[in-house]
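Enquirer: The following file, query.txt, comprises compact mmCIF, C-alpha atoms:
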```
# COMPACT_ATOMS: atom_id res chain seq x y z
CA MET H 1 -55.49 36.07 -30.29
CA ALA H 2 -53.21 37.66 -27.68
CA HIS H 3 -51.57 35.29 -25.24
CA GLU H 4 -53.04 35.75 -21.79
CA ARG H 5 -50.44 36.60 -19.15
CA ASP H 6 -50.10 34.42 -16.10
CA VAL H 7 -50.30 36.74 -13.07
CA ASP H 8 -49.29 35.68 -9.58
CA ALA H 9 -52.32 36.05 -7.34
CA LEU H 10 -50.32 36.94 -4.21
CA THR H 11 -48.06 39.68 -5.63
CA GLY H 12 -50.00 40.74 -8.71
CA ILE H 13 -46.85 40.42 -10.83
CA ALA H 14 -46.84 38.53 -14.10
CA THR H 15 -44.75 35.38 -14.27
CA THR H 16 -42.26 34.35 -16.93
CA GLY H 17 -44.22 31.19 -17.61
CA HIS H 18 -41.50 29.01 -16.09
CA GLU H 19 -42.39 26.65 -13.30
CA TRP H 20 -40.33 24.22 -11.20
CA ASP H 21 -41.96 21.89 -8.71
CA GLY H 22 -44.99 24.13 -8.49
CA ILE H 23 -42.88 27.29 -8.00
CA ARG H 24 -43.45 29.95 -10.65
CA GLU H 25 -40.81 32.53 -11.61
CA LEU H 26 -41.96 36.13 -11.27
CA ASN H 27 -41.13 38.60 -14.03
CA THR H 28 -40.25 41.37 -11.56
CA PRO H 29 -39.34 44.63 -13.31
CA LEU H 30 -36.00 46.29 -12.54
CA PRO H 31 -36.08 49.27 -10.13
CA ARG H 32 -36.46 52.57 -11.97
CA TRP H 33 -33.46 54.10 -10.21
CA TRP H 34 -31.32 51.24 -11.54
CA LEU H 35 -32.65 51.68 -15.07
CA TRP H 36 -31.99 55.44 -15.04
CA LEU H 37 -28.48 54.83 -13.72
CA PHE H 38 -27.89 52.32 -16.51
CA TYR H 39 -29.11 54.79 -19.14
CA LEU H 40 -26.85 57.44 -17.62
CA THR H 41 -23.80 55.19 -17.99
CA ILE H 42 -24.62 54.76 -21.68
CA VAL H 43 -24.79 58.53 -22.15
CA TRP H 44 -21.57 58.90 -20.16
CA SER H 45 -19.77 56.37 -22.35
CA VAL H 46 -20.80 58.24 -25.50
CA GLY H 47 -19.45 61.45 -24.00
CA TYR H 48 -16.24 59.67 -23.02
CA TRP H 49 -15.77 58.48 -26.60
CA ILE H 50 -16.03 62.08 -27.77
CA VAL H 51 -13.76 63.90 -25.33
CA TYR H 52 -10.99 61.29 -24.77
CA PRO H 53 -8.88 59.15 -27.13
CA SER H 54 -10.83 55.96 -27.61
CA TRP H 55 -11.51 54.78 -31.15
CA PRO H 56 -8.77 52.98 -33.11
CA LEU H 57 -8.21 54.01 -36.71
CA VAL H 58 -6.17 52.35 -39.46
CA SER H 59 -2.81 53.71 -38.34
CA SER H 60 -3.73 55.94 -35.38
CA TYR H 61 -6.67 56.67 -33.07
CA THR H 62 -9.14 59.44 -32.33
CA VAL H 63 -7.46 62.12 -30.23
CA GLY H 64 -10.63 63.27 -28.49
CA TRP H 65 -12.10 66.72 -28.02
CA PHE H 66 -9.92 67.43 -24.94
CA ASN H 67 -6.76 66.26 -26.77
CA TRP H 68 -5.59 64.72 -23.48
CA HIS H 69 -3.33 61.65 -23.28
CA SER H 70 -2.48 59.73 -20.14
CA ARG H 71 0.97 58.88 -21.48
CA GLU H 72 1.81 62.53 -22.06
CA ALA H 73 0.47 63.37 -18.60
CA ILE H 74 2.77 60.77 -17.03
CA ILE H 75 5.75 62.06 -19.02
CA THR H 76 5.00 65.61 -17.90
CA ASP H 77 4.70 64.55 -14.27
CA MET H 78 7.92 62.54 -14.43
CA GLU H 79 9.79 65.45 -15.98
CA ALA H 80 8.50 67.75 -13.26
CA LEU H 81 9.57 65.25 -10.58
CA LYS H 82 12.98 64.87 -12.19
CA ALA H 83 13.43 68.65 -12.24
CA GLN H 84 12.40 68.85 -8.59
CA ARG H 85 14.82 66.11 -7.55
CA GLY H 86 17.57 67.25 -9.91
CA PRO H 87 19.80 69.08 -7.40
CA LEU H 88 19.65 66.23 -4.87
CA VAL H 89 20.27 63.60 -7.55
CA GLU H 90 23.31 65.58 -8.72
CA ARG H 91 24.61 65.79 -5.15
CA LEU H 92 24.01 62.07 -4.71
CA ALA H 93 25.96 61.28 -7.86
CA GLN H 94 28.93 63.42 -6.80
CA ALA H 95 29.10 62.44 -3.12
CA SER H 96 30.85 59.40 -1.71
CA LEU H 97 28.90 56.83 0.28
CA GLN H 98 30.42 58.06 3.53
CA ASP H 99 29.56 61.68 2.67
CA ILE H 100 25.95 60.66 1.95
CA VAL H 101 25.62 58.99 5.35
CA ALA H 102 27.14 62.03 7.07
CA ASP H 103 24.67 64.42 5.40
CA GLU H 104 21.25 63.88 7.00
CA SER H 105 19.21 65.48 4.18
CA LEU H 106 21.12 63.56 1.52
CA SER H 107 20.88 60.34 3.52
CA GLN H 108 17.11 60.70 3.85
CA PHE H 109 16.83 61.36 0.11
CA ALA H 110 18.97 58.30 -0.66
CA ARG H 111 16.78 56.07 1.54
CA ALA H 112 13.63 57.45 -0.08
CA GLN H 113 15.11 56.77 -3.52
CA GLY H 114 16.44 53.36 -2.58
CA ARG H 115 13.26 51.89 -1.11
CA PRO H 116 11.20 51.72 -4.36
CA VAL H 117 14.27 50.44 -6.20
CA PHE H 118 14.61 47.69 -3.59
CA LEU H 119 10.93 46.76 -3.77
CA GLU H 120 11.05 46.58 -7.56
CA ASN H 121 14.32 44.70 -8.01
CA CYS H 122 15.38 43.04 -4.74
CA ALA H 123 12.17 42.16 -2.91
CA PRO H 124 11.34 39.09 -5.06
CA CYS H 125 14.36 37.34 -3.48
CA HIS H 126 15.05 39.15 -0.22
CA GLY H 127 11.43 39.95 0.68
CA SER H 128 9.77 43.35 0.84
CA GLY H 129 11.18 43.91 4.32
CA GLY H 130 14.62 42.44 3.57
CA GLY H 131 14.09 39.42 5.81
CA GLY H 132 15.11 36.96 3.12
CA ALA H 133 13.98 33.34 2.79
CA LYS H 134 15.49 29.88 2.50
CA GLY H 135 18.43 30.29 0.13
CA TYR H 136 18.14 34.09 0.10
CA PRO H 137 20.12 36.10 2.69
CA ASN H 138 18.48 38.08 5.47
CA LEU H 139 19.54 41.72 5.14
CA LEU H 140 18.31 42.72 8.61
CA ASP H 141 21.06 41.12 10.69
CA ASP H 142 24.79 41.82 10.80
CA GLU H 143 25.89 38.58 9.14
CA TRP H 144 27.04 39.32 5.60
CA LEU H 145 28.50 36.69 3.28
CA TRP H 146 30.38 39.33 1.29
CA GLY H 147 30.72 42.06 3.92
CA GLY H 148 28.25 44.60 5.26
CA ARG H 149 30.19 47.85 4.95
CA LEU H 150 28.87 50.46 2.54
CA GLU H 151 31.65 49.73 0.07
CA ASP H 152 31.04 45.97 0.30
CA ILE H 153 27.31 46.33 -0.34
CA ALA H 154 27.87 48.70 -3.28
CA LEU H 155 30.39 46.28 -4.79
CA THR H 156 28.04 43.32 -4.36
CA ILE H 157 25.11 45.19 -5.92
CA SER H 158 27.20 46.45 -8.82
CA ASN H 159 29.01 43.22 -9.71
CA GLY H 160 26.59 40.62 -8.40
CA ILE H 161 27.45 37.18 -7.08
CA ARG H 162 28.61 34.44 -9.40
CA THR H 163 28.27 30.67 -9.05
CA ALA H 164 32.03 30.33 -9.44
CA GLN H 165 32.22 30.70 -5.65
CA SER H 166 29.70 27.91 -5.06
CA MET H 167 30.33 25.01 -2.71
CA PRO H 168 31.31 21.79 -4.56
CA ALA H 169 29.00 18.79 -4.72
CA PHE H 170 31.20 16.62 -2.52
CA GLY H 171 28.99 13.56 -2.71
CA ARG H 172 27.62 13.77 -6.23
CA ASP H 173 31.08 14.40 -7.70
CA GLY H 174 32.66 11.58 -5.68
CA ILE H 175 34.91 13.82 -3.58
CA LEU H 176 33.64 12.44 -0.26
CA ARG H 177 31.97 9.19 0.70
CA ARG H 178 28.59 9.17 2.41
CA PRO H 179 29.99 8.26 5.87
CA ASP H 180 32.47 11.14 5.64
CA ILE H 181 29.69 13.58 4.69
CA GLU H 182 27.57 12.44 7.62
CA ALA H 183 30.54 12.72 9.99
CA VAL H 184 31.49 16.23 8.89
CA THR H 185 27.82 17.24 9.07
CA ASP H 186 27.72 16.29 12.74
CA TYR H 187 31.00 18.11 13.35
CA VAL H 188 29.77 21.28 11.66
CA ARG H 189 26.56 21.18 13.69
CA SER H 190 28.64 20.87 16.86
CA LEU H 191 30.57 24.03 15.87
CA ALA H 192 27.26 25.91 16.02
CA GLY H 193 26.30 24.39 19.37
CA LEU H 194 23.72 22.07 17.81
CA ALA H 195 23.26 18.59 19.20
CA PRO H 196 24.98 16.02 16.94
CA ASP H 197 23.58 12.62 16.10
CA PRO H 198 24.02 10.19 19.06
CA ALA H 199 26.09 7.90 16.86
CA ALA H 200 28.16 10.76 15.43
CA ASN H 201 31.88 10.27 14.86
CA LEU H 202 33.04 13.80 15.66
CA GLU H 203 36.73 12.92 15.42
CA GLN H 204 36.24 11.63 11.88
CA GLY H 205 34.16 14.72 11.08
CA LYS H 206 36.87 17.01 12.41
CA LYS H 207 39.45 15.23 10.24
CA VAL H 208 37.27 15.56 7.11
CA TYR H 209 36.63 19.22 7.93
CA ALA H 210 40.37 19.92 8.27
CA GLU H 211 41.09 18.23 4.93
CA THR H 212 38.14 19.59 2.94
CA CYS H 213 36.43 22.62 4.49
CA VAL H 214 39.12 24.67 6.22
CA ALA H 215 40.26 26.40 3.03
CA CYS H 216 36.95 28.27 2.77
CA HIS H 217 35.39 28.24 6.23
CA GLY H 218 38.59 28.62 8.26
CA ASP H 219 40.05 26.62 11.14
CA ASP H 220 37.45 27.98 13.56
CA GLY H 221 34.53 27.69 11.13
CA ARG H 222 33.84 31.42 11.09
CA GLY H 223 34.03 31.66 7.32
CA LYS H 224 35.73 34.15 5.03
CA ARG H 225 33.82 37.13 3.70
CA GLU H 226 36.37 37.78 0.97
CA ILE H 227 35.20 34.61 -0.77
CA GLY H 228 31.62 34.54 0.51
CA ALA H 229 32.12 31.51 2.77
CA PRO H 230 29.52 31.58 5.59
CA ASN H 231 30.16 31.48 9.31
CA LEU H 232 29.32 27.98 10.56
CA THR H 233 29.44 28.80 14.26
CA ASP H 234 26.35 30.99 14.59
CA ALA H 235 22.62 30.24 14.42
CA ILE H 236 22.18 31.73 10.95
CA TRP H 237 21.82 29.10 8.24
CA LEU H 238 20.91 30.09 4.70
CA TYR H 239 19.51 26.66 3.77
CA GLY H 240 18.60 25.32 7.20
CA SER H 241 20.57 23.83 10.11
CA ASP H 242 18.92 20.42 10.36
CA ARG H 243 21.05 17.40 9.61
CA ALA H 244 19.23 16.51 6.38
CA ALA H 245 19.64 20.02 4.93
CA ILE H 246 23.39 20.07 5.63
CA ILE H 247 23.91 16.59 4.20
CA ASP H 248 21.97 17.62 1.09
CA GLY H 249 24.15 20.72 0.71
CA LEU H 250 27.36 18.74 1.05
CA TRP H 251 26.16 16.03 -1.30
CA ASN H 252 24.74 18.25 -4.07
CA GLY H 253 26.63 21.48 -3.42
CA ARG H 254 25.34 24.99 -2.88
CA GLY H 255 25.57 28.00 -5.16
CA GLY H 256 23.44 31.12 -5.08
CA MET H 257 23.69 33.88 -7.63
CA MET H 258 22.72 37.53 -7.64
CA PRO H 259 22.72 39.48 -10.92
CA ALA H 260 25.05 42.40 -11.49
CA TRP H 261 23.03 45.61 -11.39
CA ALA H 262 25.73 47.95 -12.69
CA GLY H 263 24.44 47.72 -16.25
CA ARG H 264 20.80 48.00 -15.23
CA LEU H 265 20.88 50.77 -12.60
CA ASP H 266 22.80 54.03 -12.86
CA GLY H 267 25.46 55.01 -10.35
CA SER H 268 23.33 57.31 -8.22
CA THR H 269 20.57 54.68 -8.00
CA ILE H 270 23.06 52.04 -6.86
CA LYS H 271 24.30 54.48 -4.20
CA ALA H 272 20.74 55.10 -3.01
CA LEU H 273 20.05 51.34 -2.93
CA THR H 274 23.29 50.76 -1.02
CA ILE H 275 22.32 53.32 1.63
CA TYR H 276 18.84 51.83 1.94
CA VAL H 277 20.09 48.24 2.34
CA HIS H 278 22.76 49.40 4.78
CA THR H 279 20.14 51.02 7.00
CA LEU H 280 17.73 48.08 7.00
CA GLY H 281 19.24 47.01 10.30
CA GLY H 282 22.38 45.03 9.68
CA GLY H 283 24.73 47.52 8.07
CA VAL H 284 28.34 47.41 9.26
CA ARG H 285 30.24 50.66 9.63
```
Now, as a test, write the supplied structure out as structure tokens.

Expert:
Amino acid sequence: MAHERDVDALTGIATTGHEWDGIRELNTPLPRWWLWLFYLTIVWSVGYWIVYPSWPLVSSYTVGWFNWHSREAIITDMEALKAQRGPLVERLAQASLQDIVADESLSQFARAQGRPVFLENCAPCHGSGGGGAKGYPNLLDDEWLWGGRLEDIALTISNGIRTAQSMPAFGRDGILRRPDIEAVTDYVRSLAGLAPDPAANLEQGKKVYAETCVACHGDDGRGKREIGAPNLTDAIWLYGSDRAAIIDGLWNGRGGMMPAWAGRLDGSTIKALTIYVHTLGGGVR
């Protein structure tokens, strides 16, 4: 005997037989337009299997009726782009950095080439706009630890920055006592026009600075670009200018590192990246 369907009296649609708290679930059929669209996607997928590479074999795959491969298409497009850019790339490779800047068309090409290289390799540390972050230099201003001239930037990109030039851990390694670190912290903050701690011993801090910090940061605290020592008299602080951040840096040391890109990027690409970084806003002539 056939099972009698339970039909909802209000809508005239059969139910699924499920009921919760007196509410019955309707077995509403799918819209026909949706069903036809679904059937069409099935037909489309079968056609796709036939005309494009899709099915794996033991040691290869089906090539498809069109014999079209996305990888080959990309290679073809890249070769065409390389041929189109060839003359400019050759000029870029032969020209000096100063000649590139002087040639407007070559300079524009270098910036266009350098931007994607920057986004791919440099943005994770310096930010997509070059604004940097805590511990990572801002490339938009004119304060450069290792110099902001074209030659300086190219040298830094090519050879990288090594931790050999890092600041010692004065506290952790027992070079300075805690009171001396706190005193020199207040003195350094005063060099930048920042308000020292009310109980600061600036004379003691000045003495510690003269004995410990002058060799790198100079008598006036303006730093030395030839060794990557930062200027302590401005408002630009790589790790923060608050008292706790400076004490932490003196106690545990500081040491950033940038990889050498000479073995990863070719010469013309490094030139293009140099020009792009130089024109971000803080390049020094």

Enquirer: So how far away is CA of Val117 in chain H from CA of Leu88 in chain H, in Å?

Expert: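 Atom-to-atom, CA of Leu88 in chain H to CA of Val117 in chain H, that is 16.7 Å.
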
Enquirer: If you count only C-alpha atoms, which residues fall within 7 Å of range 276-281 of chain H, apart from same-chain ones fewer than 6 positions away, as a list of chain:residue names?

Expert: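 That gives H:Ala110, H:Arg111, H:Gly114, H:Arg115, H:Leu139, H:Leu140, H:Asp141, H:Leu150.
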
Enquirer: Looking at H:Met78, H:Ala154, H:Leu238, H:Ile246, which one is nearest to Val188 in chain H, with distances taken over all atoms listed in the file?

Expert: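 Residue with the minimum atom-to-atom distance to Val188 in chain H: H:Ile246.
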
Enquirer: Rounded to one decimal, what separation in Å do you get between CA of Ala73 in chain H and CA of Leu57 in chain H?

Expert: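 According to the coordinates, CA of Ala73 in chain H and CA of Leu57 in chain H are separated by 22.2 Å.
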
Enquirer: Using CA of Arg32 in chain H and CA of Thr16 in chain H as the two end points, give the distance in Å to one decimal.

Expert: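 So the answer is 19.8 Å.
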
Enquirer: Between H:Arg91, H:His69, H:Arg172, H:Arg5, which one has atoms that come closest to Lys271 in chain H, using only C-alpha atoms?

Expert: H:Arg91

Enquirer: Edge lengths and centre in Å to one decimal, as AutoDock Vina command-line options, of the axis-aligned box that encloses all listed atoms of range 214-233 of chain H with 3 Å added on every side?

Expert:
```
--center_x 34.8 --center_y 31.2 --center_z 6.7 --size_x 16.9 --size_y 19.1 --size_z 21.0
```

Enquirer: From the list H:Thr156, H:Gln108, H:Gln84, H:Ser60, which residue is nearest Ala272 in chain H when using only C-alpha atoms?

Expert: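 Closest residue, counting only C-alpha atoms: H:Gln108.
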
Enquirer: In terms of the shortest atom-to-atom distance over all atoms listed in the file, which of H:Gly127, H:Pro196, H:Gly221, H:Gly205 is closest to Arg177 in chain H?

Expert: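 Of H:Gly127, H:Pro196, H:Gly221, H:Gly205, the one nearest Arg177 in chain H, counting all atoms listed in the file, is H:Gly205.
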
Enquirer: When you count all atoms listed in the file, which of these residues is closest to Arg243 in chain H: H:Ser190, H:Thr212, H:Asn138, H:Thr76?

Expert: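 When distances to Arg243 in chain H are compared using all atoms listed in the file, the smallest one comes from H:Ser190.
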
Enquirer: Every residue with an atom at most 12 Å from (22.9, 28.7, 15.8) (file coordinates; all atoms listed in the file) is what I'm after, so could you write them as a list of chain:residue names?

Expert: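 Output: H:Val188, H:Arg189, H:Ser190, H:Leu191, H:Ala192, H:Gly193, H:Leu194, H:Ala195, H:Asn231, H:Leu232, H:Thr233, H:Asp234, H:Ala235, H:Ile236, H:Trp237, H:Leu238, H:Gly240, H:Ser241, H:Asp242.
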
Enquirer: List the neighbours of Tyr209 in chain H out to 12 Å using all atoms listed in the file; skip same-chain residues closer than 4 positions along the sequence, and give me the result as an mmCIF file with C-alpha atoms, in the coordinates of the input.

Expert:
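Ended up saving to out.cif:
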```
data_model
loop_
_atom_site.group_PDB
_atom_site.id
_atom_site.type_symbol
_atom_site.label_atom_id
_atom_site.label_comp_id
_atom_site.auth_asym_id
_atom_site.auth_seq_id
_atom_site.Cartn_x
_atom_site.Cartn_y
_atom_site.Cartn_z
ATOM 1 C CA LEU H 176 33.640 12.440 -0.260
ATOM 2 C CA ASP H 180 32.470 11.140 5.640
ATOM 3 C CA ILE H 181 29.690 13.580 4.690
ATOM 4 C CA GLU H 182 27.570 12.440 7.620
ATOM 5 C CA ALA H 183 30.540 12.720 9.990
ATOM 6 C CA VAL H 184 31.490 16.230 8.890
ATOM 7 C CA THR H 185 27.820 17.240 9.070
ATOM 8 C CA ASP H 186 27.720 16.290 12.740
ATOM 9 C CA TYR H 187 31.000 18.110 13.350
ATOM 10 C CA VAL H 188 29.770 21.280 11.660
ATOM 11 C CA ARG H 189 26.560 21.180 13.690
ATOM 12 C CA LEU H 191 30.570 24.030 15.870
ATOM 13 C CA LEU H 202 33.040 13.800 15.660
ATOM 14 C CA GLU H 203 36.730 12.920 15.420
ATOM 15 C CA GLN H 204 36.240 11.630 11.880
ATOM 16 C CA GLY H 205 34.160 14.720 11.080
ATOM 17 C CA CYS H 213 36.430 22.620 4.490
ATOM 18 C CA VAL H 214 39.120 24.670 6.220
ATOM 19 C CA ALA H 215 40.260 26.400 3.030
ATOM 20 C CA CYS H 216 36.950 28.270 2.770
ATOM 21 C CA HIS H 217 35.390 28.240 6.230
ATOM 22 C CA GLY H 218 38.590 28.620 8.260
ATOM 23 C CA ASP H 219 40.050 26.620 11.140
ATOM 24 C CA ASP H 220 37.450 27.980 13.560
ATOM 25 C CA GLY H 221 34.530 27.690 11.130
ATOM 26 C CA LEU H 232 29.320 27.980 10.560
ATOM 27 C CA LEU H 250 27.360 18.740 1.050
#
```

Enquirer: Counting only C-alpha atoms, which residue out of H:Gly64, H:Gly171, H:Gly249, H:Arg149 sits closest to Leu97 in chain H?

Expert: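 So, comparing all the options, the nearest one is H:Arg149.
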
Enquirer: If you keep all heavy atoms, can you output range 34-45 of chain H as a PDB file, in the first residue's frame?

Expert:
```pdb
ATOM      1  N   TRP H  34      16.770  27.381 -11.568  1.00  0.00           N
ATOM      2  CA  TRP H  34      17.963  26.938 -10.844  1.00  0.00           C
ATOM      3  C   TRP H  34      18.383  25.545 -11.297  1.00  0.00           C
ATOM      4  O   TRP H  34      19.571  25.261 -11.478  1.00  0.00           O
ATOM      5  CB  TRP H  34      17.655  26.954  -9.342  1.00  0.00           C
ATOM      6  CG  TRP H  34      18.874  26.788  -8.479  1.00  0.00           C
ATOM      7  CD1 TRP H  34      19.617  27.766  -7.906  1.00  0.00           C
ATOM      8  CD2 TRP H  34      19.485  25.540  -8.104  1.00  0.00           C
ATOM      9  NE1 TRP H  34      20.654  27.220  -7.199  1.00  0.00           N
ATOM     10  CE2 TRP H  34      20.609  25.844  -7.304  1.00  0.00           C
ATOM     11  CE3 TRP H  34      19.197  24.205  -8.371  1.00  0.00           C
ATOM     12  CZ2 TRP H  34      21.430  24.878  -6.772  1.00  0.00           C
ATOM     13  CZ3 TRP H  34      20.034  23.225  -7.849  1.00  0.00           C
ATOM     14  CH2 TRP H  34      21.127  23.561  -7.051  1.00  0.00           C
ATOM     15  N   LEU H  35      17.388  24.669 -11.446  1.00  0.00           N
ATOM     16  CA  LEU H  35      17.686  23.301 -11.895  1.00  0.00           C
ATOM     17  C   LEU H  35      18.309  23.293 -13.279  1.00  0.00           C
ATOM     18  O   LEU H  35      19.298  22.585 -13.522  1.00  0.00           O
ATOM     19  CB  LEU H  35      16.403  22.458 -11.888  1.00  0.00           C
ATOM     20  CG  LEU H  35      15.869  22.069 -10.510  1.00  0.00           C
ATOM     21  CD1 LEU H  35      14.507  21.420 -10.660  1.00  0.00           C
ATOM     22  CD2 LEU H  35      16.835  21.122  -9.818  1.00  0.00           C
ATOM     23  N   TRP H  36      17.762  24.091 -14.221  1.00  0.00           N
ATOM     24  CA  TRP H  36      18.321  24.128 -15.566  1.00  0.00           C
ATOM     25  C   TRP H  36      19.743  24.699 -15.557  1.00  0.00           C
ATOM     26  O   TRP H  36      20.621  24.228 -16.304  1.00  0.00           O
ATOM     27  CB  TRP H  36      17.434  24.952 -16.496  1.00  0.00           C
ATOM     28  CG  TRP H  36      16.209  24.212 -16.947  1.00  0.00           C
ATOM     29  CD1 TRP H  36      14.909  24.468 -16.619  1.00  0.00           C
ATOM     30  CD2 TRP H  36      16.189  23.059 -17.799  1.00  0.00           C
ATOM     31  NE1 TRP H  36      14.068  23.560 -17.197  1.00  0.00           N
ATOM     32  CE2 TRP H  36      14.829  22.675 -17.948  1.00  0.00           C
ATOM     33  CE3 TRP H  36      17.168  22.308 -18.451  1.00  0.00           C
ATOM     34  CZ2 TRP H  36      14.432  21.587 -18.704  1.00  0.00           C
ATOM     35  CZ3 TRP H  36      16.773  21.220 -19.215  1.00  0.00           C
ATOM     36  CH2 TRP H  36      15.420  20.871 -19.337  1.00  0.00           C
ATOM     37  N   LEU H  37      19.966  25.689 -14.708  1.00  0.00           N
ATOM     38  CA  LEU H  37      21.318  26.253 -14.588  1.00  0.00           C
ATOM     39  C   LEU H  37      22.287  25.213 -14.033  1.00  0.00           C
ATOM     40  O   LEU H  37      23.440  25.096 -14.494  1.00  0.00           O
ATOM     41  CB  LEU H  37      21.292  27.497 -13.690  1.00  0.00           C
ATOM     42  CG  LEU H  37      22.595  28.282 -13.573  1.00  0.00           C
ATOM     43  CD1 LEU H  37      23.039  28.798 -14.935  1.00  0.00           C
ATOM     44  CD2 LEU H  37      22.441  29.455 -12.591  1.00  0.00           C
ATOM     45  N   PHE H  38      21.823  24.433 -13.078  1.00  0.00           N
ATOM     46  CA  PHE H  38      22.657  23.366 -12.512  1.00  0.00           C
ATOM     47  C   PHE H  38      22.990  22.313 -13.567  1.00  0.00           C
ATOM     48  O   PHE H  38      24.135  21.877 -13.690  1.00  0.00           O
ATOM     49  CB  PHE H  38      21.914  22.738 -11.328  1.00  0.00           C
ATOM     50  CG  PHE H  38      22.636  21.577 -10.714  1.00  0.00           C
ATOM     51  CD1 PHE H  38      23.847  21.753 -10.064  1.00  0.00           C
ATOM     52  CD2 PHE H  38      22.106  20.298 -10.803  1.00  0.00           C
ATOM     53  CE1 PHE H  38      24.515  20.666  -9.503  1.00  0.00           C
ATOM     54  CE2 PHE H  38      22.764  19.220 -10.250  1.00  0.00           C
ATOM     55  CZ  PHE H  38      23.975  19.402  -9.590  1.00  0.00           C
ATOM     56  N   TYR H  39      21.991  21.915 -14.348  1.00  0.00           N
ATOM     57  CA  TYR H  39      22.237  20.934 -15.416  1.00  0.00           C
ATOM     58  C   TYR H  39      23.218  21.494 -16.446  1.00  0.00           C
ATOM     59  O   TYR H  39      24.076  20.758 -16.970  1.00  0.00           O
ATOM     60  CB  TYR H  39      20.921  20.556 -16.099  1.00  0.00           C
ATOM     61  CG  TYR H  39      19.911  19.904 -15.189  1.00  0.00           C
ATOM     62  CD1 TYR H  39      18.536  20.091 -15.369  1.00  0.00           C
ATOM     63  CD2 TYR H  39      20.326  19.114 -14.116  1.00  0.00           C
ATOM     64  CE1 TYR H  39      17.609  19.508 -14.525  1.00  0.00           C
ATOM     65  CE2 TYR H  39      19.399  18.524 -13.262  1.00  0.00           C
ATOM     66  CZ  TYR H  39      18.046  18.725 -13.474  1.00  0.00           C
ATOM     67  OH  TYR H  39      17.137  18.147 -12.627  1.00  0.00           O
ATOM     68  N   LEU H  40      23.098  22.806 -16.716  1.00  0.00           N
ATOM     69  CA  LEU H  40      23.986  23.435 -17.680  1.00  0.00           C
ATOM     70  C   LEU H  40      25.431  23.414 -17.196  1.00  0.00           C
ATOM     71  O   LEU H  40      26.357  23.193 -17.990  1.00  0.00           O
ATOM     72  CB  LEU H  40      23.536  24.878 -17.925  1.00  0.00           C
ATOM     73  CG  LEU H  40      24.348  25.675 -18.962  1.00  0.00           C
ATOM     74  CD1 LEU H  40      24.276  25.011 -20.330  1.00  0.00           C
ATOM     75  CD2 LEU H  40      23.849  27.111 -19.044  1.00  0.00           C
ATOM     76  N   THR H  41      25.638  23.615 -15.899  1.00  0.00           N
ATOM     77  CA  THR H  41      27.012  23.573 -15.367  1.00  0.00           C
ATOM     78  C   THR H  41      27.605  22.176 -15.497  1.00  0.00           C
ATOM     79  O   THR H  41      28.815  22.027 -15.708  1.00  0.00           O
ATOM     80  CB  THR H  41      27.036  24.016 -13.898  1.00  0.00           C
ATOM     81  OG1 THR H  41      26.207  23.144 -13.111  1.00  0.00           O
ATOM     82  CG2 THR H  41      26.558  25.436 -13.745  1.00  0.00           C
ATOM     83  N   ILE H  42      26.769  21.147 -15.380  1.00  0.00           N
ATOM     84  CA  ILE H  42      27.260  19.777 -15.555  1.00  0.00           C
ATOM     85  C   ILE H  42      27.714  19.566 -16.995  1.00  0.00           C
ATOM     86  O   ILE H  42      28.801  19.017 -17.264  1.00  0.00           O
ATOM     87  CB  ILE H  42      26.173  18.766 -15.169  1.00  0.00           C
ATOM     88  CG1 ILE H  42      25.846  18.877 -13.673  1.00  0.00           C
ATOM     89  CG2 ILE H  42      26.611  17.341 -15.507  1.00  0.00           C
ATOM     90  CD1 ILE H  42      24.693  18.006 -13.226  1.00  0.00           C
ATOM     91  N   VAL H  43      26.882  20.020 -17.945  1.00  0.00           N
ATOM     92  CA  VAL H  43      27.250  19.898 -19.355  1.00  0.00           C
ATOM     93  C   VAL H  43      28.523  20.680 -19.646  1.00  0.00           C
ATOM     94  O   VAL H  43      29.408  20.225 -20.366  1.00  0.00           O
ATOM     95  CB  VAL H  43      26.089  20.379 -20.253  1.00  0.00           C
ATOM     96  CG1 VAL H  43      26.502  20.385 -21.715  1.00  0.00           C
ATOM     97  CG2 VAL H  43      24.857  19.496 -20.050  1.00  0.00           C
ATOM     98  N   TRP H  44      28.588  21.895 -19.060  1.00  0.00           N
ATOM     99  CA  TRP H  44      29.775  22.736 -19.255  1.00  0.00           C
ATOM    100  C   TRP H  44      31.034  22.053 -18.732  1.00  0.00           C
ATOM    101  O   TRP H  44      32.084  22.099 -19.372  1.00  0.00           O
ATOM    102  CB  TRP H  44      29.572  24.081 -18.557  1.00  0.00           C
ATOM    103  CG  TRP H  44      30.757  24.990 -18.649  1.00  0.00           C
ATOM    104  CD1 TRP H  44      31.796  25.105 -17.789  1.00  0.00           C
ATOM    105  CD2 TRP H  44      31.029  25.910 -19.703  1.00  0.00           C
ATOM    106  NE1 TRP H  44      32.696  26.027 -18.196  1.00  0.00           N
ATOM    107  CE2 TRP H  44      32.252  26.557 -19.392  1.00  0.00           C
ATOM    108  CE3 TRP H  44      30.357  26.273 -20.868  1.00  0.00           C
ATOM    109  CZ2 TRP H  44      32.824  27.525 -20.205  1.00  0.00           C
ATOM    110  CZ3 TRP H  44      30.920  27.251 -21.682  1.00  0.00           C
ATOM    111  CH2 TRP H  44      32.139  27.857 -21.351  1.00  0.00           C
ATOM    112  N   SER H  45      30.945  21.419 -17.578  1.00  0.00           N
ATOM    113  CA  SER H  45      32.116  20.752 -17.009  1.00  0.00           C
ATOM    114  C   SER H  45      32.594  19.607 -17.893  1.00  0.00           C
ATOM    115  O   SER H  45      33.801  19.400 -18.055  1.00  0.00           O
ATOM    116  CB  SER H  45      31.809  20.245 -15.601  1.00  0.00           C
ATOM    117  OG  SER H  45      30.840  19.214 -15.627  1.00  0.00           O
TER     118      SER H  45
END
```
